[in-house]
>>> print(open('data39.cif').read())   # mmCIF, C-alpha atoms
data_run
#
loop_
_atom_site.label_atom_id
_atom_site.label_comp_id
_atom_site.auth_asym_id
_atom_site.auth_seq_id
_atom_site.Cartn_x
_atom_site.Cartn_y
_atom_site.Cartn_z
CA MET A 1 27.52 93.60 56.08
CA ASN A 2 27.03 91.02 58.78
CA LEU A 3 25.59 92.93 61.74
CA GLU A 4 26.31 90.35 64.42
CA PRO A 5 29.70 91.32 65.88
CA GLY A 6 29.95 88.08 67.79
CA THR A 7 30.06 86.12 64.55
CA GLN A 8 32.88 85.52 62.16
CA GLY A 9 31.94 87.61 59.16
CA PHE A 10 31.64 90.97 60.89
CA ASP A 11 33.46 93.59 58.89
CA TRP A 12 35.87 95.29 61.32
CA ARG A 13 37.72 97.90 59.29
CA SER A 14 40.91 97.91 61.35
CA GLN A 15 42.39 97.11 64.76
CA CYS A 16 41.75 100.66 66.00
CA SER A 17 39.45 100.91 69.02
CA ILE A 18 37.87 104.15 67.76
CA ALA A 19 37.23 102.67 64.32
CA SER A 20 35.76 99.55 65.94
CA CYS A 21 33.39 101.65 68.02
CA LEU A 22 32.28 103.46 64.85
CA ASP A 23 31.98 100.14 63.01
CA VAL A 24 29.11 99.23 65.31
CA MET A 25 27.75 102.63 66.42
CA GLY A 26 28.93 105.13 63.82
CA ASP A 27 25.52 106.26 62.69
CA LYS A 28 22.96 108.92 63.59
CA TRP A 29 20.70 106.69 65.70
CA SER A 30 22.41 104.10 67.92
CA LEU A 31 23.67 106.55 70.53
CA LEU A 32 20.26 108.28 70.59
CA ILE A 33 18.71 105.00 71.75
CA VAL A 34 21.33 104.86 74.50
CA ARG A 35 20.59 108.52 75.32
CA ASP A 36 16.86 107.79 75.62
CA LEU A 37 17.51 104.90 77.99
CA ILE A 38 19.96 106.91 80.12
CA SER A 39 18.12 110.22 80.30
CA HIS A 40 14.50 109.98 79.28
CA GLY A 41 13.23 106.82 80.91
CA THR A 42 12.37 105.38 77.50
CA ARG A 43 11.75 101.63 77.56
CA THR A 44 9.35 100.47 74.88
CA TYR A 45 9.39 100.43 71.11
CA SER A 46 6.58 102.98 70.92
CA GLU A 47 8.30 105.27 73.41
CA PHE A 48 11.47 105.26 71.29
CA ARG A 49 9.31 106.19 68.32
CA GLU A 50 8.04 109.27 70.20
CA SER A 51 11.49 110.80 70.62
CA PRO A 52 11.78 114.17 68.85
CA GLU A 53 14.11 112.86 66.13
CA HIS A 54 11.33 110.58 64.76
CA VAL A 55 13.29 107.42 64.09
CA SER A 56 11.72 105.20 61.42
CA THR A 57 10.41 101.78 62.42
CA ASN A 58 12.92 99.86 60.32
CA ILE A 59 15.95 101.80 61.61
CA LEU A 60 14.71 101.48 65.21
CA ALA A 61 14.20 97.72 64.89
CA ASP A 62 17.61 97.33 63.27
CA ARG A 63 19.46 99.35 65.93
CA LEU A 64 17.63 97.65 68.83
CA ARG A 65 18.65 94.30 67.38
CA LEU A 66 22.28 95.39 66.96
CA LEU A 67 22.55 96.95 70.43
CA THR A 68 21.05 93.78 71.89
CA ALA A 69 23.50 91.57 69.97
CA LEU A 70 26.37 93.71 71.29
CA GLY A 71 25.19 93.35 74.88
CA ILE A 72 24.62 97.10 75.24
CA ILE A 73 20.89 96.73 75.89
CA GLU A 74 18.72 93.79 76.83
CA ARG A 75 15.07 92.95 76.44
CA THR A 76 13.12 92.78 79.66
CA ASN A 77 10.51 90.48 78.12
CA PRO A 78 12.61 88.24 75.90
CA GLU A 79 9.69 86.03 74.86
CA GLY A 80 7.41 88.83 73.69
CA VAL A 81 6.68 90.14 70.22
CA ALA A 82 8.87 92.97 68.96
CA ARG A 83 6.31 95.76 69.27
CA ASN A 84 5.65 95.01 72.94
CA ASN A 85 9.28 94.62 73.91
CA ALA A 86 10.82 96.76 76.59
CA TYR A 87 14.54 97.38 76.86
CA ARG A 88 17.05 98.43 79.47
CA LEU A 89 20.74 99.19 79.45
CA THR A 90 23.21 96.54 80.52
CA PRO A 91 26.28 97.52 82.60
CA SER A 92 28.14 97.84 79.28
CA GLY A 93 25.51 100.25 77.96
CA LEU A 94 25.54 102.32 81.14
CA GLU A 95 29.27 102.80 80.67
CA LEU A 96 28.60 104.75 77.46
CA ARG A 97 27.43 107.67 79.61
CA PRO A 98 30.86 109.40 79.84
CA ALA A 99 31.26 109.31 76.05
CA LEU A 100 27.76 110.74 75.57
CA GLU A 101 28.48 113.45 78.12
CA GLU A 102 31.70 114.41 76.32
CA LEU A 103 29.96 114.56 72.94
CA GLY A 104 27.15 116.66 74.43
CA ARG A 105 29.60 118.99 76.16
CA TRP A 106 31.54 119.47 72.95
CA SER A 107 28.31 120.20 71.04
CA GLN A 108 27.17 122.76 73.55
CA LYS A 109 30.47 124.57 73.30
CA HIS A 110 31.16 124.33 69.57
CA LEU A 111 27.90 123.73 67.67
CA LYS A 112 25.59 126.10 69.51
CA GLN A 113 26.77 128.96 67.28
CA TYR A 114 25.13 127.12 64.36
CA HIS A 115 22.13 125.85 66.31
CA PRO A 116 21.23 128.35 69.07
CA GLU A 117 18.16 126.37 70.25
CA MET A 118 20.36 123.47 71.34
CA VAL A 119 19.90 122.21 74.91
CA LYS A 120 21.88 119.83 77.10
CA SER A 121 20.42 116.34 77.15
CA VAL A 122 22.61 114.01 79.23
CA MET B 1 20.55 117.62 53.21
CA ASN B 2 22.36 120.91 53.33
CA LEU B 3 25.82 120.13 54.71
CA GLU B 4 26.74 123.66 55.74
CA PRO B 5 25.70 123.97 59.38
CA GLY B 6 26.28 127.72 59.35
CA THR B 7 23.54 128.19 56.79
CA GLN B 8 19.81 128.28 57.19
CA GLY B 9 18.68 125.00 55.64
CA PHE B 10 20.72 122.62 57.78
CA ASP B 11 18.53 119.79 58.98
CA TRP B 12 18.96 119.66 62.77
CA ARG B 13 16.74 116.84 63.99
CA SER B 14 16.05 118.24 67.44
CA GLN B 15 17.35 120.60 70.14
CA CYS B 16 19.32 117.79 71.81
CA SER B 17 23.08 118.37 72.01
CA ILE B 18 23.82 114.66 71.46
CA ALA B 19 21.54 114.49 68.42
CA SER B 20 23.11 117.67 67.06
CA CYS B 21 26.59 116.19 67.40
CA LEU B 22 25.41 113.10 65.52
CA ASP B 23 23.67 115.29 62.91
CA VAL B 24 27.10 116.50 61.84
CA MET B 25 29.44 113.66 62.84
CA GLY B 26 27.24 110.58 63.20
CA ASP B 27 28.96 108.47 60.57
CA LYS B 28 31.80 105.99 60.31
CA TRP B 29 34.44 108.44 59.03
CA SER B 30 34.38 111.97 60.48
CA LEU B 31 35.85 111.04 63.86
CA LEU B 32 38.52 108.89 62.16
CA ILE B 33 39.80 112.00 60.39
CA VAL B 34 39.97 113.71 63.79
CA ARG B 35 41.72 110.62 65.20
CA ASP B 36 44.31 110.72 62.42
CA LEU B 37 45.04 114.38 63.08
CA ILE B 38 45.27 113.88 66.86
CA SER B 39 47.23 110.65 66.98
CA HIS B 40 48.90 109.79 63.71
CA GLY B 41 50.36 113.07 62.48
CA THR B 42 48.25 112.83 59.33
CA ARG B 43 48.03 116.10 57.41
CA THR B 44 47.52 115.64 53.70
CA TYR B 45 44.79 114.17 51.56
CA SER B 46 47.03 111.29 50.45
CA GLU B 47 48.06 110.55 54.04
CA PHE B 48 44.41 110.28 55.09
CA ARG B 49 43.92 107.86 52.20
CA GLU B 50 46.67 105.62 53.61
CA SER B 51 44.90 105.04 56.94
CA PRO B 52 44.07 101.36 57.46
CA GLU B 53 40.31 101.87 57.03
CA HIS B 54 40.81 102.86 53.36
CA VAL B 55 38.45 105.79 53.10
CA SER B 56 37.20 106.40 49.56
CA THR B 57 38.16 109.64 47.83
CA ASN B 58 34.62 110.98 47.64
CA ILE B 59 33.86 110.31 51.32
CA LEU B 60 37.19 111.81 52.38
CA ALA B 61 36.62 114.96 50.32
CA ASP B 62 33.08 115.28 51.67
CA ARG B 63 34.10 114.89 55.32
CA LEU B 64 37.09 117.22 55.01
CA ARG B 65 34.75 119.85 53.56
CA LEU B 66 32.21 119.35 56.34
CA LEU B 67 34.79 119.40 59.15
CA THR B 68 36.27 122.57 57.66
CA ALA B 69 32.83 124.21 57.42
CA LEU B 70 32.23 123.35 61.07
CA GLY B 71 35.52 124.91 62.14
CA ILE B 72 36.86 121.57 63.46
CA ILE B 73 39.77 121.49 61.02
CA GLU B 74 41.37 124.13 58.84
CA ARG B 75 43.41 124.04 55.68
CA THR B 76 46.98 125.14 56.07
CA ASN B 77 47.24 126.12 52.40
CA PRO B 78 43.83 127.62 51.74
CA GLU B 79 44.67 128.68 48.18
CA GLY B 80 45.88 125.28 46.98
CA VAL B 81 44.12 122.57 45.00
CA ALA B 82 42.26 119.90 46.97
CA ARG B 83 44.71 117.07 46.43
CA ASN B 84 47.64 119.09 47.78
CA ASN B 85 45.82 120.48 50.76
CA ALA B 86 47.08 119.92 54.26
CA TYR B 87 44.87 120.14 57.31
CA ARG B 88 45.23 120.71 61.02
CA LEU B 89 42.85 120.68 63.94
CA THR B 90 41.47 123.94 65.26
CA PRO B 91 41.06 124.46 69.03
CA SER B 92 37.48 123.18 68.59
CA GLY B 93 38.76 119.99 66.93
CA LEU B 94 41.39 119.44 69.60
CA GLU B 95 38.61 119.49 72.17
CA LEU B 96 37.14 116.33 70.64
CA ARG B 97 39.99 114.35 72.21
CA PRO B 98 38.15 113.52 75.49
CA ALA B 99 35.16 112.15 73.56
CA LEU B 100 37.45 110.04 71.36
CA GLU B 101 39.27 108.77 74.43
CA GLU B 102 35.99 107.77 76.07
CA LEU B 103 34.78 105.96 72.95
CA GLY B 104 38.10 104.14 72.65
CA ARG B 105 38.13 103.21 76.33
CA TRP B 106 34.60 101.84 76.05
CA SER B 107 35.55 99.83 72.94
CA GLN B 108 38.60 98.33 74.60
CA LYS B 109 36.50 97.21 77.53
CA HIS B 110 33.33 96.05 75.79
CA LEU B 111 34.06 95.22 72.14
CA LYS B 112 37.38 93.42 72.50
CA GLN B 113 35.51 90.18 73.20
CA TYR B 114 34.19 90.37 69.62
CA HIS B 115 37.39 91.74 68.09
CA PRO B 116 40.43 90.45 70.02
CA GLU B 117 42.97 92.11 67.71
CA MET B 118 41.75 95.57 68.75
CA VAL B 119 44.35 98.05 69.97
CA LYS B 120 44.17 101.42 71.69
CA SER B 121 44.55 104.31 69.28
CA VAL B 122 44.14 107.65 71.10
#
>>> encode(input="data39.cif", output="structure tokens")
Amino acid sequence: MNLEPGTQGFDWRSQCSIASCLDVMGDKWSLLIVRDLISHGTRTYSEFRESPEHVSTNILADRLRLLTALGIIERTNPEGVARNNAYRLTPSGLELRPALEELGRWSQKHLKQYHPEMVKSV
Amino acid sequence: MNLEPGTQGFDWRSQCSIASCLDVMGDKWSLLIVRDLISHGTRTYSEFRESPEHVSTNILADRLRLLTALGIIERTNPEGVARNNAYRLTPSGLELRPALEELGRWSQKHLKQYHPEMVKSV
């Protein structure tokens, strides 16, 4: 699948706005990168790697590239090498906060019975 | 990975409520099943199959089983065979609506530039 949504071959499954959101962020990692930037002050590649979910280097690099291509995050040192890059949310990325809050609220209410150690994060 | 969150071996990645939500629904399909039940009056296995994203039979069966195990949906004919089953949202599933609305709103605002045919769905 072409992972550059601004280009022609990107594989949108339908016209649905929910499906389109999941086309680009329907995975276990993309929204955690947004969470780290919103809540934990994470900025650099190595800081993302230290998050408790232990993202692998190849998934992290892939998701940072995709989120950058989508204009959700941006590099603060665009000329640097990947490992030294720092990232920040764009206005578009910041506007994901309400969705994250709703997902977190729902989890706290409905998944805590299965996972009692769960804590609020955004 | 053990896909029954009520049982001991389920692989929660961390204590974070966002991560926990993605542990169980961080994929391209689970929330589309919830969308279909909320917005499109979908109830049966064959109706889910007719949604424009063309879910495969094995993914659909897997996600219906997981959403049922999580108490997000329930079968309305619990004694029937899989292909004839009908499903409905539980109160827990209905409470996913605000999160879906937020994701759809964000898509409409920030992804439509890449996908101009996109339409609101929830």
>>> residues_near_point(input="data39.cif", point="(39.2, 110.0, 55.7)", cutoff="10 Å", atoms="only C-alpha atoms", output="ChimeraX atom specification")
/B:28-36,45-51,53-64
>>> resolve_selection(input="data39.cif", expression="the PyMOL selection byres ((chain B) within 6 of (chain A))", output="MDAnalysis selection string")
chainID B and resid 5:6 13:18 21:22 26:28 53 99 102:104 107 114 117:121
>>> write_last_selection(input="data39.cif", atoms="C-alpha atoms", output="PDB file, in the frame of the given file")
ATOM      1  CA  PRO B   5      25.700 123.970  59.380  1.00  0.00           C
ATOM      2  CA  GLY B   6      26.280 127.720  59.350  1.00  0.00           C
ATOM      3  CA  ARG B  13      16.740 116.840  63.990  1.00  0.00           C
ATOM      4  CA  SER B  14      16.050 118.240  67.440  1.00  0.00           C
ATOM      5  CA  GLN B  15      17.350 120.600  70.140  1.00  0.00           C
ATOM      6  CA  CYS B  16      19.320 117.790  71.810  1.00  0.00           C
ATOM      7  CA  SER B  17      23.080 118.370  72.010  1.00  0.00           C
ATOM      8  CA  ILE B  18      23.820 114.660  71.460  1.00  0.00           C
ATOM      9  CA  CYS B  21      26.590 116.190  67.400  1.00  0.00           C
ATOM     10  CA  LEU B  22      25.410 113.100  65.520  1.00  0.00           C
ATOM     11  CA  GLY B  26      27.240 110.580  63.200  1.00  0.00           C
ATOM     12  CA  ASP B  27      28.960 108.470  60.570  1.00  0.00           C
ATOM     13  CA  LYS B  28      31.800 105.990  60.310  1.00  0.00           C
ATOM     14  CA  GLU B  53      40.310 101.870  57.030  1.00  0.00           C
ATOM     15  CA  ALA B  99      35.160 112.150  73.560  1.00  0.00           C
ATOM     16  CA  GLU B 102      35.990 107.770  76.070  1.00  0.00           C
ATOM     17  CA  LEU B 103      34.780 105.960  72.950  1.00  0.00           C
ATOM     18  CA  GLY B 104      38.100 104.140  72.650  1.00  0.00           C
ATOM     19  CA  SER B 107      35.550  99.830  72.940  1.00  0.00           C
ATOM     20  CA  TYR B 114      34.190  90.370  69.620  1.00  0.00           C
ATOM     21  CA  GLU B 117      42.970  92.110  67.710  1.00  0.00           C
ATOM     22  CA  MET B 118      41.750  95.570  68.750  1.00  0.00           C
ATOM     23  CA  VAL B 119      44.350  98.050  69.970  1.00  0.00           C
ATOM     24  CA  LYS B 120      44.170 101.420  71.690  1.00  0.00           C
ATOM     25  CA  SER B 121      44.550 104.310  69.280  1.00  0.00           C
TER      26      SER B 121
END
>>> closest_residue(input="data39.cif", among="B:Asp11, B:Ile38, B:Arg43, B:Thr90", to="Asn77 in chain B", atoms="only C-alpha atoms")
B:Arg43
>>> calpha_fit_rmsd(input="data39.cif", fixed="chain A", moving="chain B")
0.0 Å
>>> atom_distance(input="data39.cif", atom1="CA of Thr68 in chain A", atom2="CA of Asn85 in chain A")
12.0 Å
>>> residues_around(input="data39.cif", residues="Ala86 in chain B", least_positions_apart="2", cutoff="6 Å", atoms="all atoms listed in the file", output="list in words")
Arg43, Thr44, Arg75 and Thr76 of chain B
>>> atom_distance(input="data39.cif", atom1="CA of Tyr87 in chain B", atom2="CA of Leu37 in chain B")
8.2 Å
>>> resolve_selection(input="data39.cif", expression="the PyMOL selection byres ((chain B and resi 88) around 6)", output="compact mmCIF listing (two decimals) with C-alpha atoms, in the coordinates of the input")
# COMPACT_ATOMS: atom_id res chain seq x y z
CA ILE B 73 39.77 121.49 61.02
CA GLU B 74 41.37 124.13 58.84
CA TYR B 87 44.87 120.14 57.31
CA LEU B 89 42.85 120.68 63.94
>>> atom_distance(input="data39.cif", atom1="CA of Arg65 in chain B", atom2="CA of Gly41 in chain B")
19.2 Å
